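See below for model-v7.txt, which holds compact mmCIF, C-alpha atoms and all ligand atoms.
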```
# COMPACT_ATOMS: atom_id res chain seq x y z
CA MET A 1 -17.77 212.43 -84.23
CA LYS A 2 -17.90 211.28 -87.86
CA ILE A 3 -20.42 208.47 -88.25
CA GLY A 4 -20.69 206.24 -91.33
CA ILE A 5 -23.70 204.12 -92.24
CA VAL A 6 -23.35 200.72 -93.91
CA GLY A 7 -26.48 199.73 -95.86
CA CYS A 8 -27.54 203.38 -96.01
CA ALA A 9 -30.26 202.78 -98.62
CA GLY A 10 -32.06 200.16 -96.50
CA ARG A 11 -35.15 200.84 -94.39
CA MET A 12 -33.04 201.29 -91.25
CA GLY A 13 -30.11 202.78 -93.15
CA ARG A 14 -32.20 205.77 -94.27
CA MET A 15 -33.49 206.28 -90.73
CA LEU A 16 -29.92 206.18 -89.44
CA VAL A 17 -28.73 208.78 -91.96
CA ALA A 18 -31.63 211.06 -90.95
CA GLU A 19 -30.82 210.59 -87.25
CA VAL A 20 -27.09 211.33 -87.71
CA LEU A 21 -27.97 214.50 -89.66
CA ALA A 22 -30.34 215.59 -86.87
CA ALA A 23 -28.33 214.62 -83.76
CA ASP A 24 -25.96 216.94 -81.87
CA GLY A 25 -22.31 215.99 -81.58
CA CYS A 26 -21.94 214.10 -84.83
CA GLU A 27 -21.73 214.50 -88.57
CA LEU A 28 -22.34 212.10 -91.44
CA ALA A 29 -19.05 210.62 -92.70
CA GLY A 30 -20.82 208.85 -95.56
CA GLY A 31 -22.80 205.78 -96.46
CA CYS A 32 -22.17 202.62 -98.43
CA GLU A 33 -24.24 199.96 -100.11
CA LEU A 34 -23.77 196.62 -101.82
CA ALA A 35 -21.47 196.75 -104.87
CA GLY A 36 -23.75 196.95 -107.92
CA SER A 37 -26.62 198.55 -106.00
CA ASP A 38 -28.85 200.99 -107.92
CA PHE A 39 -28.26 203.51 -105.12
CA LEU A 40 -24.50 203.91 -105.66
CA GLY A 41 -23.61 207.52 -106.50
CA LEU A 42 -26.81 208.99 -105.03
CA ASP A 43 -26.78 211.43 -102.09
CA PRO A 44 -27.50 209.52 -98.81
CA GLY A 45 -29.12 212.63 -97.27
CA GLU A 46 -31.53 212.94 -100.19
CA LEU A 47 -32.23 209.18 -100.11
CA ALA A 48 -33.18 209.63 -96.45
CA GLY A 49 -35.54 212.42 -97.48
CA VAL A 50 -33.69 215.02 -95.39
CA LYS A 51 -31.33 217.23 -97.45
CA ALA A 52 -28.44 217.19 -99.89
CA THR A 53 -25.14 216.49 -98.10
CA GLY A 54 -22.66 216.62 -100.99
CA LEU A 55 -21.77 212.98 -100.17
CA THR A 56 -22.40 210.00 -102.44
CA VAL A 57 -23.32 206.41 -101.59
CA GLY A 58 -20.17 204.31 -102.09
CA GLY A 59 -19.65 200.61 -102.72
CA ASP A 60 -16.51 200.22 -100.62
CA ALA A 61 -17.06 199.60 -96.90
CA GLY A 62 -13.28 199.84 -96.29
CA ALA A 63 -13.23 203.45 -97.52
CA LEU A 64 -16.22 204.26 -95.28
CA PHE A 65 -14.39 202.91 -92.22
CA GLN A 66 -11.33 205.00 -93.10
CA ALA A 67 -13.48 208.15 -93.15
CA SER A 68 -15.41 207.38 -89.92
CA ASP A 69 -14.85 207.47 -86.15
CA ALA A 70 -17.81 205.14 -85.70
CA VAL A 71 -19.75 203.01 -88.18
CA ILE A 72 -23.32 201.78 -87.79
CA ASP A 73 -24.34 198.60 -89.60
CA PHE A 74 -27.94 197.38 -89.99
CA THR A 75 -27.53 194.98 -92.93
CA VAL A 76 -27.27 191.16 -93.01
CA PRO A 77 -25.28 188.88 -90.66
CA ALA A 78 -22.47 187.91 -93.08
CA ALA A 79 -21.86 191.56 -94.02
CA SER A 80 -21.85 192.76 -90.40
CA ALA A 81 -19.32 190.09 -89.37
CA ALA A 82 -17.07 190.88 -92.37
CA ASN A 83 -17.33 194.63 -91.69
CA ALA A 84 -16.28 194.11 -88.06
CA LEU A 85 -12.84 193.12 -89.36
CA LEU A 86 -12.61 196.49 -91.14
CA ALA A 87 -13.21 198.28 -87.82
CA VAL A 88 -9.96 196.82 -86.42
CA GLY A 89 -7.74 198.44 -89.04
CA ARG A 90 -9.27 201.86 -88.48
CA GLY A 91 -9.79 201.57 -84.72
CA ALA A 92 -13.34 202.82 -85.26
CA ALA A 93 -16.23 202.01 -82.91
CA PHE A 94 -18.64 199.60 -84.58
CA ILE A 95 -22.37 199.51 -83.84
CA ILE A 96 -24.28 196.45 -85.08
CA GLY A 97 -28.06 196.36 -85.20
CA THR A 98 -28.29 193.47 -87.67
CA THR A 99 -30.28 190.54 -86.28
CA GLY A 100 -30.00 186.83 -87.00
CA LEU A 101 -26.27 186.66 -86.12
CA GLY A 102 -25.12 183.03 -85.72
CA ALA A 103 -22.46 181.51 -83.46
CA GLU A 104 -19.71 182.02 -86.07
CA HIS A 105 -20.62 185.71 -86.50
CA MET A 106 -20.57 186.21 -82.73
CA LYS A 107 -17.16 184.51 -82.56
CA THR A 108 -15.81 187.06 -85.05
CA LEU A 109 -17.31 189.93 -83.03
CA ARG A 110 -15.75 188.64 -79.82
CA GLN A 111 -12.33 188.44 -81.51
CA VAL A 112 -12.63 191.92 -83.00
CA SER A 113 -13.86 193.35 -79.68
CA GLU A 114 -10.42 192.67 -78.20
CA LYS A 115 -9.17 195.49 -80.42
CA CYS A 116 -12.07 197.94 -80.71
CA ALA A 117 -15.35 198.91 -79.06
CA ILE A 118 -18.35 197.06 -80.49
CA VAL A 119 -21.95 197.62 -79.45
CA GLN A 120 -24.25 194.83 -80.59
CA ALA A 121 -27.95 194.71 -79.70
CA ALA A 122 -30.87 193.00 -81.39
CA ASN A 123 -33.01 195.94 -80.34
CA MET A 124 -31.67 199.41 -79.72
CA SER A 125 -34.80 200.99 -78.26
CA VAL A 126 -34.78 202.17 -74.64
CA GLY A 127 -38.23 200.67 -74.00
CA VAL A 128 -37.25 197.18 -75.13
CA ASN A 129 -34.14 197.26 -73.00
CA VAL A 130 -36.29 198.08 -69.98
CA LEU A 131 -38.56 195.16 -70.98
CA LEU A 132 -35.50 192.87 -71.02
CA GLY A 133 -34.75 193.85 -67.42
CA LEU A 134 -38.37 193.36 -66.32
CA THR A 135 -38.51 189.96 -68.03
CA LYS A 136 -35.38 188.73 -66.26
CA GLN A 137 -36.72 189.97 -62.92
CA ALA A 138 -40.20 188.45 -63.38
CA ALA A 139 -38.80 185.09 -64.54
CA GLY A 140 -36.60 184.94 -61.44
CA ILE A 141 -39.47 185.72 -59.06
CA LEU A 142 -42.14 183.55 -60.70
CA GLY A 143 -40.27 180.26 -61.26
CA GLU A 144 -41.30 177.25 -63.34
CA ASP A 145 -44.96 177.19 -62.24
CA TYR A 146 -45.33 180.01 -64.75
CA ASP A 147 -45.00 178.90 -68.39
CA ILE A 148 -43.10 181.48 -70.44
CA GLU A 149 -44.19 182.18 -74.03
CA ILE A 150 -42.75 184.95 -76.18
CA VAL A 151 -44.93 186.25 -79.00
CA GLU A 152 -43.65 188.65 -81.64
CA MET A 153 -45.08 190.29 -84.76
CA HIS A 154 -43.18 192.14 -87.48
CA HIS A 155 -43.79 193.50 -90.99
CA ARG A 156 -43.99 191.18 -94.00
CA HIS A 157 -40.42 191.99 -95.18
CA LYS A 158 -38.62 190.58 -92.15
CA VAL A 159 -36.42 187.62 -93.13
CA ASP A 160 -35.41 186.05 -89.80
CA ALA A 161 -37.56 184.38 -87.13
CA PRO A 162 -38.01 184.50 -84.21
CA SER A 163 -36.87 188.12 -84.11
CA GLY A 164 -33.55 188.91 -82.48
CA THR A 165 -35.49 190.79 -79.80
CA ALA A 166 -37.68 187.75 -79.07
CA LEU A 167 -34.55 185.65 -78.65
CA ALA A 168 -33.00 188.31 -76.40
CA LEU A 169 -36.19 188.26 -74.30
CA GLY A 170 -35.91 184.46 -74.14
CA ALA A 171 -32.29 184.81 -73.00
CA ALA A 172 -33.32 187.33 -70.33
CA ALA A 173 -36.05 184.97 -69.08
CA ALA A 174 -33.60 182.04 -69.05
CA GLU A 175 -31.04 184.12 -67.17
CA GLY A 176 -33.67 185.11 -64.60
CA ARG A 177 -34.55 181.44 -64.11
CA GLY A 178 -30.94 180.31 -64.12
CA VAL A 179 -31.36 177.94 -67.10
CA ASP A 180 -29.75 177.58 -70.53
CA LEU A 181 -32.01 179.01 -73.27
CA GLU A 182 -30.57 176.59 -75.87
CA LYS A 183 -31.82 173.64 -73.81
CA ALA A 184 -35.12 175.19 -72.70
CA SER A 185 -36.34 176.89 -75.89
CA GLN A 186 -39.25 175.56 -77.93
CA ARG A 187 -39.06 177.53 -81.17
CA VAL A 188 -41.50 175.70 -83.42
CA ARG A 189 -44.72 173.78 -82.75
CA ASP A 190 -46.55 171.96 -85.52
CA GLY A 191 -48.78 168.89 -85.63
CA HIS A 192 -49.16 166.47 -82.71
CA THR A 193 -46.66 168.07 -80.34
CA GLY A 194 -47.75 166.42 -77.09
CA ALA A 195 -48.24 168.42 -73.90
CA ARG A 196 -46.04 171.37 -73.05
CA ASN A 197 -42.79 170.50 -71.26
CA ARG A 198 -42.47 172.13 -67.86
CA GLY A 199 -39.74 174.77 -67.99
CA ASP A 200 -39.91 175.32 -71.77
CA ILE A 201 -39.55 178.87 -73.03
CA GLY A 202 -41.80 178.97 -76.11
CA PHE A 203 -41.71 181.28 -79.13
CA ALA A 204 -44.45 182.24 -81.57
CA THR A 205 -43.90 184.35 -84.67
CA LEU A 206 -46.42 186.46 -86.62
CA ARG A 207 -45.59 188.31 -89.86
CA GLY A 208 -47.68 190.83 -91.76
CA GLY A 209 -48.28 194.35 -93.03
CA ASP A 210 -46.08 197.17 -91.81
CA VAL A 211 -45.84 196.25 -88.11
CA VAL A 212 -42.62 197.85 -86.81
CA GLY A 213 -42.22 195.38 -83.94
CA ASP A 214 -44.49 194.02 -81.19
CA HIS A 215 -43.20 191.77 -78.41
CA THR A 216 -45.12 190.18 -75.54
CA VAL A 217 -43.70 187.96 -72.81
CA VAL A 218 -46.45 185.81 -71.29
CA PHE A 219 -46.09 184.18 -67.86
CA ALA A 220 -49.02 181.73 -67.62
CA ALA A 221 -49.84 179.73 -64.49
CA GLU A 222 -52.90 177.94 -63.09
CA GLY A 223 -55.44 180.71 -62.47
CA GLU A 224 -53.49 183.76 -63.64
CA ARG A 225 -51.41 185.22 -66.42
CA ILE A 226 -48.98 188.15 -66.61
CA GLU A 227 -48.21 189.76 -69.97
CA LEU A 228 -45.42 192.28 -70.50
CA THR A 229 -45.74 194.05 -73.86
CA HIS A 230 -43.70 196.53 -75.89
CA LYS A 231 -45.00 197.98 -79.16
CA ALA A 232 -42.78 199.99 -81.47
CA SER A 233 -44.73 202.41 -83.67
CA SER A 234 -41.73 204.04 -85.38
CA ARG A 235 -38.33 202.78 -86.49
CA GLU A 236 -36.89 206.08 -85.26
CA ILE A 237 -36.47 204.55 -81.79
CA PHE A 238 -33.90 202.07 -83.13
CA ALA A 239 -31.98 204.72 -85.10
CA ARG A 240 -31.96 207.08 -82.10
CA GLY A 241 -30.59 204.29 -79.89
CA ALA A 242 -27.93 203.32 -82.45
CA VAL A 243 -26.63 206.88 -82.79
CA ARG A 244 -26.63 207.20 -78.98
CA ALA A 245 -24.57 203.98 -78.88
CA ALA A 246 -22.09 205.38 -81.45
CA LEU A 247 -21.61 208.58 -79.45
CA TRP A 248 -21.22 206.55 -76.24
CA ALA A 249 -18.73 204.04 -77.73
CA GLY A 250 -16.41 206.68 -79.18
CA ASP A 251 -14.23 206.94 -76.06
CA LYS A 252 -14.72 203.42 -74.66
CA PRO A 253 -11.94 200.83 -74.39
CA PRO A 254 -12.15 197.73 -76.61
CA GLY A 255 -14.96 195.38 -75.62
CA LEU A 256 -18.25 193.82 -76.72
CA TYR A 257 -21.00 195.99 -75.28
CA THR A 258 -24.82 195.88 -75.36
CA MET A 259 -27.48 198.58 -75.19
CA ARG A 260 -27.78 197.84 -71.49
CA ASP A 261 -24.19 199.14 -71.12
CA VAL A 262 -24.97 202.20 -73.28
CA LEU A 263 -28.07 203.06 -71.24
CA GLY A 264 -26.44 202.23 -67.90
CA LEU A 265 -29.24 199.76 -67.06
P1 LIG B 301 -33.21 196.31 -95.47
O1 LIG B 301 -33.16 195.07 -96.32
O2 LIG B 301 -34.24 197.37 -95.78
O3 LIG B 301 -31.78 197.04 -95.50
C1 LIG B 301 -30.55 196.36 -95.47
C2 LIG B 301 -29.60 197.14 -96.38
O4 LIG B 301 -28.28 196.61 -96.24
C3 LIG B 301 -29.98 196.99 -97.89
O5 LIG B 301 -30.06 198.27 -98.47
C4 LIG B 301 -28.84 196.16 -98.46
O6 LIG B 301 -28.55 196.48 -99.81
C5 LIG B 301 -27.70 196.58 -97.53
N1 LIG B 301 -26.59 195.63 -97.52
C6 LIG B 301 -26.63 194.27 -97.46
N2 LIG B 301 -25.38 193.77 -97.49
C7 LIG B 301 -24.53 194.83 -97.57
C8 LIG B 301 -23.12 194.95 -97.66
N3 LIG B 301 -22.31 193.87 -97.67
N4 LIG B 301 -22.58 196.20 -97.72
C9 LIG B 301 -23.38 197.30 -97.73
N5 LIG B 301 -24.73 197.24 -97.67
C10 LIG B 301 -25.30 196.02 -97.59
O7 LIG B 301 -33.35 195.79 -93.97
P2 LIG B 301 -33.78 196.64 -92.67
O8 LIG B 301 -35.24 196.48 -92.45
O9 LIG B 301 -33.18 198.01 -92.73
O10 LIG B 301 -33.08 195.77 -91.53
C11 LIG B 301 -31.68 195.55 -91.54
C12 LIG B 301 -31.29 194.74 -90.31
O11 LIG B 301 -31.51 195.52 -89.12
C13 LIG B 301 -32.11 193.46 -90.12
O12 LIG B 301 -31.26 192.43 -89.62
C14 LIG B 301 -33.15 193.85 -89.08
O13 LIG B 301 -33.66 192.75 -88.37
C15 LIG B 301 -32.29 194.74 -88.20
N6 LIG B 301 -33.00 195.66 -87.29
C16 LIG B 301 -32.46 195.84 -86.06
C17 LIG B 301 -33.02 196.74 -85.17
C18 LIG B 301 -32.34 196.99 -83.84
O14 LIG B 301 -32.81 197.81 -83.04
N7 LIG B 301 -31.21 196.31 -83.57
C19 LIG B 301 -34.16 197.46 -85.54
C20 LIG B 301 -34.70 197.27 -86.81
C21 LIG B 301 -34.09 196.36 -87.70
```
Could you show the structure in this file as structure tokens?
Amino acid sequence: MKIGIVGCAGRMGRMLVAEVLAADGCELAGGCELAGSDFLGLDPGELAGVKATGLTVGGDAGALFQASDAVIDFTVPAASAANALLAVGRGAAFIIGTTGLGAEHMKTLRQVSEKCAIVQAANMSVGVNVLLGLTKQAAGILGEDYDIEIVEMHHRHKVDAPSGTALALGAAAAEGRGVDLEKASQRVRDGHTGARNRGDIGFATLRGGDVVGDHTVVFAAEGERIELTHKASSREIFARGAVRAALWAGDKPPGLYTMRDVLGL
């Protein structure tokens, strides 16, 4: 399978190039970057610190889709939604790791997924996807006597908050409880907030240093507290999951899939 990487000079993009070059069953179709980027014309394999590939970083995502059976995109929400439309023309599988997607972006993905296989997940690591399942299960068993708070910490460069993974954990908790996250979530607290509302699912965000991604789901009741924690120590786990998703999606019918589908969870 020929896999292309959009945003191949980014932090995740370089990891993805390295993973495609290392994984069995696939080859690097190429990589693209923003038009005008300083990285255009460079070798994506060298940028990733692996080896020369004879390919050059392009500025045309359309050309990358033409050359690829599957494309992986870890960029920014507007770019990922626009690139999804390119997947339709080529019939390529499209794997989106970008976080911070809004309702409009998701609407585009749902439309495109009628014509091609899309895998979209805010976190592509196996461990986090197991945590999502545990969170849903615990929320269902424990009920509203247990206040749910989701705490996340990421590196200082992260631009969206709470993290996509924290929101996915909130959605899993809400699903387990049978409530609507939009109505139950408490995303910001500042000043005289009053007492906590029963049933709220709270979020707290920390940013600093080079933290790859820590997430804890706290279930706090009178007299006891359960904490479920996942700590990522390398971004490789996300790249490995994304390439696994690309290989999985290659022969799947059109649809909007998640990592839970890819991992059979
Ligand atoms: P980054 O800023 O280092 O890299 C993004 C790259 O995309 C940049 O090189 C940028 O130039 C490029 N880009 C932006 N718009 C583009 C366009 N239209 N065409 C081509 N290239 C374009 O960011 P990062 O740390 O690599 O993270 C990227 C995204 O991936 C973020 O949304 C982050 O939250 C998400 N992420 C997801 C997971 C996951 O498992 N799903 C894991 C880690 C990061």
Closest to Ile118 (chain A) among A:Glu224, A:Glu27, A:Asp251, A:Glu33, using only C-alpha atoms? A:Asp251
Would you list the residues near (-40.1, 201.1, -85.7), meaning any protein, DNA or RNA residue with an atom at most 12 Å from that point in file coordinates, counting only C-alpha atoms, as number ranges by chain? A: 11-12, 15-16, 123-125, 127-128, 153-155, 210-214, 230-241
Could you report the residues within 7 Å of ligand LIG 301 (chain B), using all atoms listed in the file, as a VMD selection string? chain A and resid 6 to 13 32 to 34 37 61 74 to 76 79 97 to 100 121 to 125 158 235 238
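Taking only C-alpha atoms into account, those protein, DNA and RNA residues with any atom at most 7 Å away from (-20.7, 215.4, -85.4) amount to Met1, Lys2, Asp24, Gly25, Cys26 and Glu27 of chain A.
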Of the candidates A:Ala117, A:Leu109, A:Ala161, A:Ala138, which one gets nearest to Ala93 (chain A) if we count only C-alpha atoms? A:Ala117
Surrounding residues of Ser185 (chain A) excluding itself and chain neighbours under 6 positions, 6 Å, only C-alpha atoms, as a ChimeraX atom specification: /A:200-202
Could you turn the residues from that selection into a file that holds C-alpha atoms, as a PDB file, in the coordinates of the input?
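Heads up, here's the output in again-v3.pdb:
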```
ATOM      1  CA  ASP A 200     -39.910 175.320 -71.770  1.00  0.00           C
ATOM      2  CA  ILE A 201     -39.550 178.870 -73.030  1.00  0.00           C
ATOM      3  CA  GLY A 202     -41.800 178.970 -76.110  1.00  0.00           C
TER       4      GLY A 202
END
```
CA of Arg156 (chain A) and CA of Gly4 (chain A), how far apart in Å?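 So the answer is 27.9 Å.
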Hey, which of A:His105, A:His215, A:Arg177, A:Arg110 ends up closest to Lys136 (chain A)? Count all atoms listed in the file. A:Arg177
Distance CA of Val50 (chain A)-CA of Asp38 (chain A), one decimal place?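 CA of Val50 (chain A) sits 19.4 Å away from CA of Asp38 (chain A).
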Would you mind reading off the distance between CA of Gln66 (chain A) and CA of Ala52 (chain A), one decimal, in Å? 22.1 Å
Judged by all atoms listed in the file, the minimum distance to Gly199 (chain A) among A:Gly143, A:Gly91, A:Pro253, A:Gly223 is found for A:Gly143
Near-Asp147 (chain A) list (12 Å; all atoms listed in the file; drop same-chain fewer than 3 positions) as a compact mmCIF listing (two decimals) with C-alpha atoms, keeping the file's coordinate frame:
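Wrote it out as out30.txt, contents follow:
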```txt
# COMPACT_ATOMS: atom_id res chain seq x y z
CA ALA A 138 -40.20 188.45 -63.38
CA ALA A 139 -38.80 185.09 -64.54
CA LEU A 142 -42.14 183.55 -60.70
CA GLY A 143 -40.27 180.26 -61.26
CA GLU A 144 -41.30 177.25 -63.34
CA ILE A 150 -42.75 184.95 -76.18
CA ALA A 173 -36.05 184.97 -69.08
CA ALA A 174 -33.60 182.04 -69.05
CA ARG A 177 -34.55 181.44 -64.11
CA ALA A 184 -35.12 175.19 -72.70
CA SER A 185 -36.34 176.89 -75.89
CA GLN A 186 -39.25 175.56 -77.93
CA ARG A 196 -46.04 171.37 -73.05
CA ASN A 197 -42.79 170.50 -71.26
CA ARG A 198 -42.47 172.13 -67.86
CA GLY A 199 -39.74 174.77 -67.99
CA ASP A 200 -39.91 175.32 -71.77
CA ILE A 201 -39.55 178.87 -73.03
CA GLY A 202 -41.80 178.97 -76.11
CA PHE A 203 -41.71 181.28 -79.13
CA VAL A 217 -43.70 187.96 -72.81
CA VAL A 218 -46.45 185.81 -71.29
CA PHE A 219 -46.09 184.18 -67.86
CA ALA A 220 -49.02 181.73 -67.62
CA ALA A 221 -49.84 179.73 -64.49
CA GLU A 222 -52.90 177.94 -63.09
CA GLU A 224 -53.49 183.76 -63.64
CA ARG A 225 -51.41 185.22 -66.42
CA ILE A 226 -48.98 188.15 -66.61
CA GLU A 227 -48.21 189.76 -69.97
```
Residue neighbourhood Ile96 (chain A), 7 Å, all atoms listed in the file, exclusion window fewer than 3 positions, as a list of chain:residue names: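 The residues satisfying every condition are A:Ile72, A:Asp73, A:Phe74, A:Ser80, A:Val119, A:Gln120, A:Ala121.
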